[in-house]
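These notes concern the structure reproduced below.
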Amino acid sequence: MPPIKRTKFKLSPEQLLEMFYWLKLIRAFDERLSILVKQGKVRSGVYTGIGQEAIIVGTCYGLRKEDYICPLHRDLGAFLMKGVEARVMMAQMFAKDTGLSKGRDSALHSGVNELGIFGNTSMLGANLPVAAGLGYTFKMEKTDNVVIAYFGEGASNVGDFHEALNFAGVQQLPVIFICENNQYAYSVPVEKSMAIDDVAIRAEGYGFDGVAINGNDVLAVYQATQGALARARAGDGPTLIECKTYRWHGHSEHDKAFYRTDEELAMWKSRDPIPTFTTYLRARHVLDDQKQKDIETKVAATIDEALEFAMNSADPQPGEAVTDLYA
Amino acid sequence: MTKELTYLDAIREALAEEMRRDPKVFVLGEDVGAYGGAFGATQGLHEEFGELRVVDTPISESAIIGVSIGAALRGYRPVAEMQFADFISCGFDQIVNQAATLRYRYGGRASVPIVVRAPSGGGVSGGLYHSQNPEAWFVHRPGLKVVAPSTAYDAKGLLKAAIRDDNPVIYFEHKFLYRRAKGPVPEGDEIVPIGVAATRREGGDVTLLTYGAMVTPSLEAADRMAKEGVEVEVIDLRSLMPLDKAAIFTSVEKTNRVLVVHEDVKTLGLGAELSAMIMEERFDYLDAPVLRVTYPDTHAPFSHVLEAANLPNPDKIVDTLRRLAAY
């Protein structure tokens, strides 16, 4: 397999701090949700991506408004980075009328056309053919906008994965397929669901490049994404980027994840993307105590405000259970 | 101005006219390109509109529909061809979970204007996988519209309506009718609105509700009954979801007797819903139970002898109409 073309994309200190902010916000949002589930305040439908934030920040950072993203169920942070207000996402999680779906379903299952966000169903991998369709429209329009489509290593075993990547390869579509390989499809470890080590090599079967990278390194994810974006924008077709990572919590907040060992979890927690990036920023004097405190304060205020908005928002009216079925 | 066209030519003409009218309309499916489609429904489109708008796809029904959904989210009006309605099961999830629910879960802030053309039905020795009538699956799923034209006129007008509709529409075109159904078709922009039934024959004694390829044998049976002094009103539903309840009830109130004829199997076919609906809402008008003439609850056999034994025909319809009239 030819190596993915890498270019050094320079980031200013301000940009690096923005990335740091997003990492912290997404982590804090998920952690707050986890507590809210335990408190019984959020009923269900919470699939946190704690431990996987570097993938979202590294792929979404710097995207255009016109670019489209097709997140998976752990990617609440992608909604935030693409422009959905934190308060609206919180209301969505609370099934409130002010949420994206007005209480019809939770985080992943809604989208915003104007912001370039497609919300998938619970059928994992079913977002990938839709991503190909979005990419096909960019091809028809001869624009250089790009679609970023997310899926887990589990979803790479679904038929839609094959149909979508094959179609994207044949049509040379501007779609970047981001595999969040977090080692488990609910409880089934990767070695029981694939006979290969890297999802990335599947790309070869579709005629484009795939690369496996450290998904806990936000800059590595950013670099790889920027390379793939440049190729896609230039009309050179899709790329598959497999980001190796680990989900700290269970599949959902109700899953105790007894199928894995404490040692394994501890090993992956030692690769936490946030301290790694913090160390990097501090060593380069981009981040200091004051800046970190300011960012943490801003994160906490954003989440508190979002929570207050969601808690004070109205439930949907019962009659809305049968509306919005037809245009 | 009208001209004589086959049902198949009417479909082709509707596609070509809609593609000329609206650059957002495009077609995709297996063999729809230079080959012109397995039945020829897209002949000439590739030459006129080019391969970007007449897309030959891999054998990937799920991707065909998923790609359509993605394009629809960006304002396009894709017309996806299933080579046979039987193959629609391979794209089932994208239709029933992705397309049908999207508007609902987006809080009414998006729509999916796709058309899925599904060549359906038997009488052509197609065997188990080239003869099916799976319309009831889709009528059962909120968020979808379902139409089934019986004439060349309606084939054109309903396809135009489906393309212009903002909802996902499953368009069942009956293969038996492709070259057998011929008739006057208006030139230009004549729309047959979705949700409006057509009374093909007036009568005061029995209401016969049918659609698709069953309209012709129903009319033949009605003519035979007229010779016995029983006037049968034959209503071609055309639109299966939504149903034209007003037309159905007006006729039921006049005749007090109802027969449903469809080619789909009996159990939980459209006849079951029609019967229940009429009982619930017009019970006081009924002088007899609602009866059904349908395919038996079995598969579509290849043998001409076996298939003929299964298909509803004028003899079977006449027998049941006599029972109903004498009730």
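Letters for chains follow the order of the structure tokens (A, B, ...), residue numbers begin at 1 for each chain, and ligand numbers begin at 1 in the order shown.
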
(message) Please check the contacts: residues of chain A at most 8 Å away from chain B, using only C-alpha atoms, listed as an MDAnalysis selection string.
(response) chainID A and resid 100:102 104:105 109:113 120:121 126:134 136:137 140 160 163:164 167 323:327

Using N, CA and C atoms, can you export the residues from the last selection as a JSON list (two decimals), in the first residue's frame?
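Dumped to part25.json:
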```
[["chain", "number", "residue", "atom", "x", "y", "z"],
["A", 100, "LEU", "N", -32.67, 19.24, 18.57],
["A", 100, "LEU", "CA", -32.68, 19.14, 17.11],
["A", 100, "LEU", "C", -33.88, 18.36, 16.60],
["A", 101, "SER", "N", -34.22, 17.29, 17.29],
["A", 101, "SER", "CA", -35.30, 16.45, 16.78],
["A", 101, "SER", "C", -36.62, 16.69, 17.52],
["A", 102, "LYS", "N", -36.65, 17.72, 18.34],
["A", 102, "LYS", "CA", -37.86, 18.06, 19.12],
["A", 102, "LYS", "C", -38.35, 16.87, 19.94],
["A", 104, "ARG", "N", -37.88, 13.68, 19.37],
["A", 104, "ARG", "CA", -38.18, 12.42, 18.68],
["A", 104, "ARG", "C", -37.08, 11.37, 18.90],
["A", 105, "ASP", "N", -35.83, 11.79, 18.93],
["A", 105, "ASP", "CA", -34.77, 10.83, 19.16],
["A", 105, "ASP", "C", -33.53, 11.57, 19.66],
["A", 109, "HIS", "N", -29.24, 10.97, 15.99],
["A", 109, "HIS", "CA", -30.28, 10.70, 15.00],
["A", 109, "HIS", "C", -30.93, 11.93, 14.41],
["A", 110, "SER", "N", -30.30, 13.06, 14.55],
["A", 110, "SER", "CA", -30.83, 14.23, 13.89],
["A", 110, "SER", "C", -29.68, 14.93, 13.19],
["A", 111, "GLY", "N", -30.02, 15.83, 12.33],
["A", 111, "GLY", "CA", -28.99, 16.54, 11.59],
["A", 111, "GLY", "C", -29.43, 17.94, 11.28],
["A", 112, "VAL", "N", -28.55, 18.69, 10.66],
["A", 112, "VAL", "CA", -28.84, 20.07, 10.28],
["A", 112, "VAL", "C", -28.26, 20.29, 8.88],
["A", 113, "ASN", "N", -29.15, 20.37, 7.90],
["A", 113, "ASN", "CA", -28.67, 20.56, 6.52],
["A", 113, "ASN", "C", -27.85, 21.82, 6.38],
["A", 120, "ASN", "N", -27.33, 9.98, 11.51],
["A", 120, "ASN", "CA", -27.62, 8.61, 11.09],
["A", 120, "ASN", "C", -28.72, 7.98, 11.94],
["A", 121, "THR", "N", -29.12, 6.78, 11.55],
["A", 121, "THR", "CA", -30.04, 5.96, 12.33],
["A", 121, "THR", "C", -29.20, 5.12, 13.30],
["A", 126, "ALA", "N", -24.98, 2.67, 8.11],
["A", 126, "ALA", "CA", -26.01, 3.12, 7.18],
["A", 126, "ALA", "C", -25.82, 4.58, 6.78],
["A", 127, "ASN", "N", -24.94, 5.29, 7.51],
["A", 127, "ASN", "CA", -24.62, 6.67, 7.11],
["A", 127, "ASN", "C", -23.67, 6.72, 5.91],
["A", 128, "LEU", "N", -22.98, 5.61, 5.66],
["A", 128, "LEU", "CA", -21.92, 5.66, 4.65],
["A", 128, "LEU", "C", -22.46, 5.80, 3.23],
["A", 129, "PRO", "N", -23.50, 5.06, 2.82],
["A", 129, "PRO", "CA", -24.08, 5.33, 1.49],
["A", 129, "PRO", "C", -24.62, 6.75, 1.37],
["A", 130, "VAL", "N", -25.17, 7.27, 2.44],
["A", 130, "VAL", "CA", -25.68, 8.65, 2.40],
["A", 130, "VAL", "C", -24.52, 9.62, 2.20],
["A", 131, "ALA", "N", -23.41, 9.34, 2.90],
["A", 131, "ALA", "CA", -22.21, 10.17, 2.73],
["A", 131, "ALA", "C", -21.75, 10.15, 1.27],
["A", 132, "ALA", "N", -21.81, 8.98, 0.66],
["A", 132, "ALA", "CA", -21.43, 8.88, -0.75],
["A", 132, "ALA", "C", -22.36, 9.74, -1.61],
["A", 133, "GLY", "N", -23.64, 9.74, -1.27],
["A", 133, "GLY", "CA", -24.60, 10.55, -2.02],
["A", 133, "GLY", "C", -24.34, 12.04, -1.87],
["A", 134, "LEU", "N", -24.00, 12.44, -0.66],
["A", 134, "LEU", "CA", -23.64, 13.85, -0.44],
["A", 134, "LEU", "C", -22.41, 14.19, -1.26],
["A", 136, "TYR", "N", -21.44, 12.75, -3.92],
["A", 136, "TYR", "CA", -21.77, 12.73, -5.35],
["A", 136, "TYR", "C", -22.31, 14.09, -5.80],
["A", 137, "THR", "N", -23.05, 14.76, -4.92],
["A", 137, "THR", "CA", -23.57, 16.09, -5.31],
["A", 137, "THR", "C", -22.42, 17.09, -5.46],
["A", 140, "MET", "N", -21.02, 16.43, -8.81],
["A", 140, "MET", "CA", -21.87, 16.95, -9.90],
["A", 140, "MET", "C", -21.71, 18.46, -10.02],
["A", 160, "ASP", "N", -23.39, -2.14, 4.11],
["A", 160, "ASP", "CA", -23.40, -0.75, 3.66],
["A", 160, "ASP", "C", -21.99, -0.17, 3.55],
["A", 163, "GLU", "N", -20.73, -1.39, 0.17],
["A", 163, "GLU", "CA", -21.43, -0.74, -0.94],
["A", 163, "GLU", "C", -21.02, 0.73, -1.07],
["A", 164, "ALA", "N", -20.88, 1.39, 0.06],
["A", 164, "ALA", "CA", -20.58, 2.82, 0.03],
["A", 164, "ALA", "C", -19.14, 3.08, -0.39],
["A", 167, "PHE", "N", -18.73, 2.29, -4.08],
["A", 167, "PHE", "CA", -19.33, 3.35, -4.91],
["A", 167, "PHE", "C", -18.43, 4.59, -4.91],
["A", 323, "THR", "N", -46.61, 14.27, 14.27],
["A", 323, "THR", "CA", -46.38, 15.31, 13.26],
["A", 323, "THR", "C", -45.00, 15.13, 12.63],
["A", 324, "ASP", "N", -44.72, 15.93, 11.61],
["A", 324, "ASP", "CA", -43.43, 15.91, 10.91],
["A", 324, "ASP", "C", -43.12, 14.57, 10.26],
["A", 325, "LEU", "N", -44.17, 13.86, 9.87],
["A", 325, "LEU", "CA", -43.96, 12.60, 9.14],
["A", 325, "LEU", "C", -43.83, 12.85, 7.65],
["A", 326, "TYR", "N", -44.61, 13.82, 7.18],
["A", 326, "TYR", "CA", -44.59, 14.14, 5.75],
["A", 326, "TYR", "C", -44.37, 15.62, 5.53],
["A", 327, "ALA", "N", -43.69, 15.92, 4.46],
["A", 327, "ALA", "CA", -43.45, 17.32, 4.10],
["A", 327, "ALA", "C", -44.72, 17.89, 3.47]]
```

(request) Write out as number ranges by chain all residues of region 80-310 of chain B that backbone DSSP assigns to strand (DSSP E or B). (result) B: 80-81, 115-120, 145-147, 169-174, 182-186, 198-201, 206-210, 232-236, 239-241, 258-265, 291-295

Listing only residues of region 109-179 of chain B within 12 Å of region 231-237 of chain B, what is the closest atom pair and its distance in Å (to one decimal) for each, using only C-alpha atoms, sorted by chain and residue number ascending, as JSON lines?
```
{"residue": "B:Val146", "atom": "CA", "partner": "B:Leu237", "partner_atom": "CA", "distance": 10.8}
{"residue": "B:Val147", "atom": "CA", "partner": "B:Leu237", "partner_atom": "CA", "distance": 8.6}
{"residue": "B:Ala148", "atom": "CA", "partner": "B:Leu237", "partner_atom": "CA", "distance": 8.1}
{"residue": "B:Pro149", "atom": "CA", "partner": "B:Leu237", "partner_atom": "CA", "distance": 8.5}
{"residue": "B:Ser150", "atom": "CA", "partner": "B:Asp236", "partner_atom": "CA", "distance": 7.7}
{"residue": "B:Thr151", "atom": "CA", "partner": "B:Asp236", "partner_atom": "CA", "distance": 9.9}
{"residue": "B:Asp154", "atom": "CA", "partner": "B:Asp236", "partner_atom": "CA", "distance": 10.6}
```

Limited to N, CA and C atoms, could you put the picked residues into a file as a CSV table (one decimal), in the first residue's frame?
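Output file part.csv is given in full below:
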```csv
chain,number,residue,atom,x,y,z
B,146,VAL,N,-46.7,5.6,-1.4
B,146,VAL,CA,-46.6,4.5,-2.3
B,146,VAL,C,-47.7,4.6,-3.4
B,147,VAL,N,-47.2,4.5,-4.6
B,147,VAL,CA,-48.2,4.6,-5.7
B,147,VAL,C,-48.0,3.4,-6.6
B,148,ALA,N,-49.0,3.1,-7.4
B,148,ALA,CA,-49.0,1.9,-8.3
B,148,ALA,C,-49.9,2.2,-9.5
B,149,PRO,N,-49.4,2.8,-10.5
B,149,PRO,CA,-50.2,3.1,-11.7
B,149,PRO,C,-50.7,1.9,-12.5
B,150,SER,N,-51.9,2.0,-13.1
B,150,SER,CA,-52.4,0.9,-13.9
B,150,SER,C,-52.4,1.3,-15.4
B,151,THR,N,-52.3,2.5,-15.8
B,151,THR,CA,-52.5,3.0,-17.2
B,151,THR,C,-51.2,3.7,-17.6
B,154,ASP,N,-51.5,7.3,-16.2
B,154,ASP,CA,-51.1,7.5,-14.8
B,154,ASP,C,-49.6,7.2,-14.6
```

(message) What's around Leu108 (chain A) at 12 Å? Count only C-alpha atoms, leave out sequence neighbours fewer than 4 positions away in its own chain, and write the answer as a VMD selection string.
(response) (chain A and resid 45 to 48 69 to 80 89 92 to 93 99 to 101 104 112 117 to 124 127 150) or (chain B and resid 102 105 to 106)

I want to know what sits within 12 Å of Leu128 (chain B), based on only C-alpha atoms, with residues of the same chain fewer than 5 positions away left out; could you give that as a PDB file with N, CA and C atoms, in the first residue's frame?
```pdb
ATOM      1  N   PHE B  84     -35.628  -4.948 -10.190  1.00  0.00           N
ATOM      2  CA  PHE B  84     -36.899  -5.631  -9.935  1.00  0.00           C
ATOM      3  C   PHE B  84     -37.344  -5.232  -8.531  1.00  0.00           C
ATOM      4  N   ALA B  85     -38.645  -5.118  -8.349  1.00  0.00           N
ATOM      5  CA  ALA B  85     -39.158  -4.775  -7.019  1.00  0.00           C
ATOM      6  C   ALA B  85     -38.688  -5.792  -5.987  1.00  0.00           C
ATOM      7  N   ASP B  86     -38.481  -7.028  -6.444  1.00  0.00           N
ATOM      8  CA  ASP B  86     -38.013  -8.085  -5.543  1.00  0.00           C
ATOM      9  C   ASP B  86     -36.693  -7.705  -4.870  1.00  0.00           C
ATOM     10  N   PHE B  87     -35.865  -6.938  -5.581  1.00  0.00           N
ATOM     11  CA  PHE B  87     -34.540  -6.601  -5.049  1.00  0.00           C
ATOM     12  C   PHE B  87     -34.599  -5.456  -4.041  1.00  0.00           C
ATOM     13  N   SER B 120     -42.609  -4.325 -10.530  1.00  0.00           N
ATOM     14  CA  SER B 120     -43.180  -5.361  -9.681  1.00  0.00           C
ATOM     15  C   SER B 120     -44.095  -6.282 -10.481  1.00  0.00           C
ATOM     16  N   GLY B 121     -44.529  -7.326  -9.829  1.00  0.00           N
ATOM     17  CA  GLY B 121     -45.643  -8.123 -10.303  1.00  0.00           C
ATOM     18  C   GLY B 121     -45.317  -9.309 -11.176  1.00  0.00           C
ATOM     19  N   GLY B 122     -46.323 -10.168 -11.278  1.00  0.00           N
ATOM     20  CA  GLY B 122     -46.155 -11.438 -11.971  1.00  0.00           C
ATOM     21  C   GLY B 122     -46.922 -11.500 -13.279  1.00  0.00           C
ATOM     22  N   GLY B 123     -47.166 -12.753 -13.690  1.00  0.00           N
ATOM     23  CA  GLY B 123     -47.811 -12.972 -14.977  1.00  0.00           C
ATOM     24  C   GLY B 123     -46.808 -13.059 -16.103  1.00  0.00           C
ATOM     25  N   ASN B 133     -44.726  -8.527  -5.232  1.00  0.00           N
ATOM     26  CA  ASN B 133     -45.530  -7.311  -5.041  1.00  0.00           C
ATOM     27  C   ASN B 133     -45.379  -6.860  -3.587  1.00  0.00           C
ATOM     28  N   THR B 298     -48.531 -17.563  -0.688  1.00  0.00           N
ATOM     29  CA  THR B 298     -47.466 -18.438  -1.168  1.00  0.00           C
ATOM     30  C   THR B 298     -46.506 -17.618  -2.011  1.00  0.00           C
ATOM     31  N   HIS B 299     -45.463 -18.263  -2.503  1.00  0.00           N
ATOM     32  CA  HIS B 299     -44.478 -17.582  -3.342  1.00  0.00           C
ATOM     33  C   HIS B 299     -44.918 -17.607  -4.801  1.00  0.00           C
ATOM     34  N   ALA B 300     -44.211 -16.855  -5.625  1.00  0.00           N
ATOM     35  CA  ALA B 300     -44.551 -16.759  -7.044  1.00  0.00           C
ATOM     36  C   ALA B 300     -43.809 -17.845  -7.812  1.00  0.00           C
ATOM     37  N   PRO B 301     -44.488 -18.899  -8.193  1.00  0.00           N
ATOM     38  CA  PRO B 301     -43.784 -20.010  -8.843  1.00  0.00           C
ATOM     39  C   PRO B 301     -43.448 -19.706 -10.297  1.00  0.00           C
ATOM     40  N   PHE B 302     -42.447 -20.399 -10.787  1.00  0.00           N
ATOM     41  CA  PHE B 302     -41.941 -20.192 -12.142  1.00  0.00           C
ATOM     42  C   PHE B 302     -42.870 -20.830 -13.180  1.00  0.00           C
ATOM     43  N   SER B 303     -43.341 -22.017 -12.903  1.00  0.00           N
ATOM     44  CA  SER B 303     -44.197 -22.733 -13.857  1.00  0.00           C
ATOM     45  C   SER B 303     -45.405 -21.884 -14.223  1.00  0.00           C
ATOM     46  N   LEU B 306     -48.475 -23.179 -12.480  1.00  0.00           N
ATOM     47  CA  LEU B 306     -48.573 -22.839 -11.055  1.00  0.00           C
ATOM     48  C   LEU B 306     -48.864 -21.352 -10.869  1.00  0.00           C
ATOM     49  N   GLU B 307     -48.199 -20.514 -11.670  1.00  0.00           N
ATOM     50  CA  GLU B 307     -48.408 -19.078 -11.510  1.00  0.00           C
ATOM     51  C   GLU B 307     -49.847 -18.703 -11.850  1.00  0.00           C
TER      52      GLU B 307
END
```

(request) as a ChimeraX atom specification, please: all residues of region 46-244 of chain B that backbone DSSP puts in alpha helix (DSSP H). (result) /B:46-49,61-73,92-93,100-105,135-139,152-164,215-227

(message) List the spatial neighbours of region 303-319 of chain A as a list in words - criterion: any atom at most 6 Å away, only C-alpha atoms, same-chain residues fewer than 4 positions off excluded.
(response)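 Answer for this query is Ala86, Arg87, Met90, Ala91, Lys96 and Asp97 of chain A.
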
(request) Fewer than 3 positions away in the same chain doesn't count, so skip those; otherwise give me all residues within 7 Å of Asp297 (chain B), counting only C-alpha atoms, as an MDAnalysis selection string. (result) chainID B and resid 265:267

(message) What's the separation between CA of Met225 (chain B) and CA of Leu270 (chain B), in Å to one decimal place?
(response) 24.1 Å
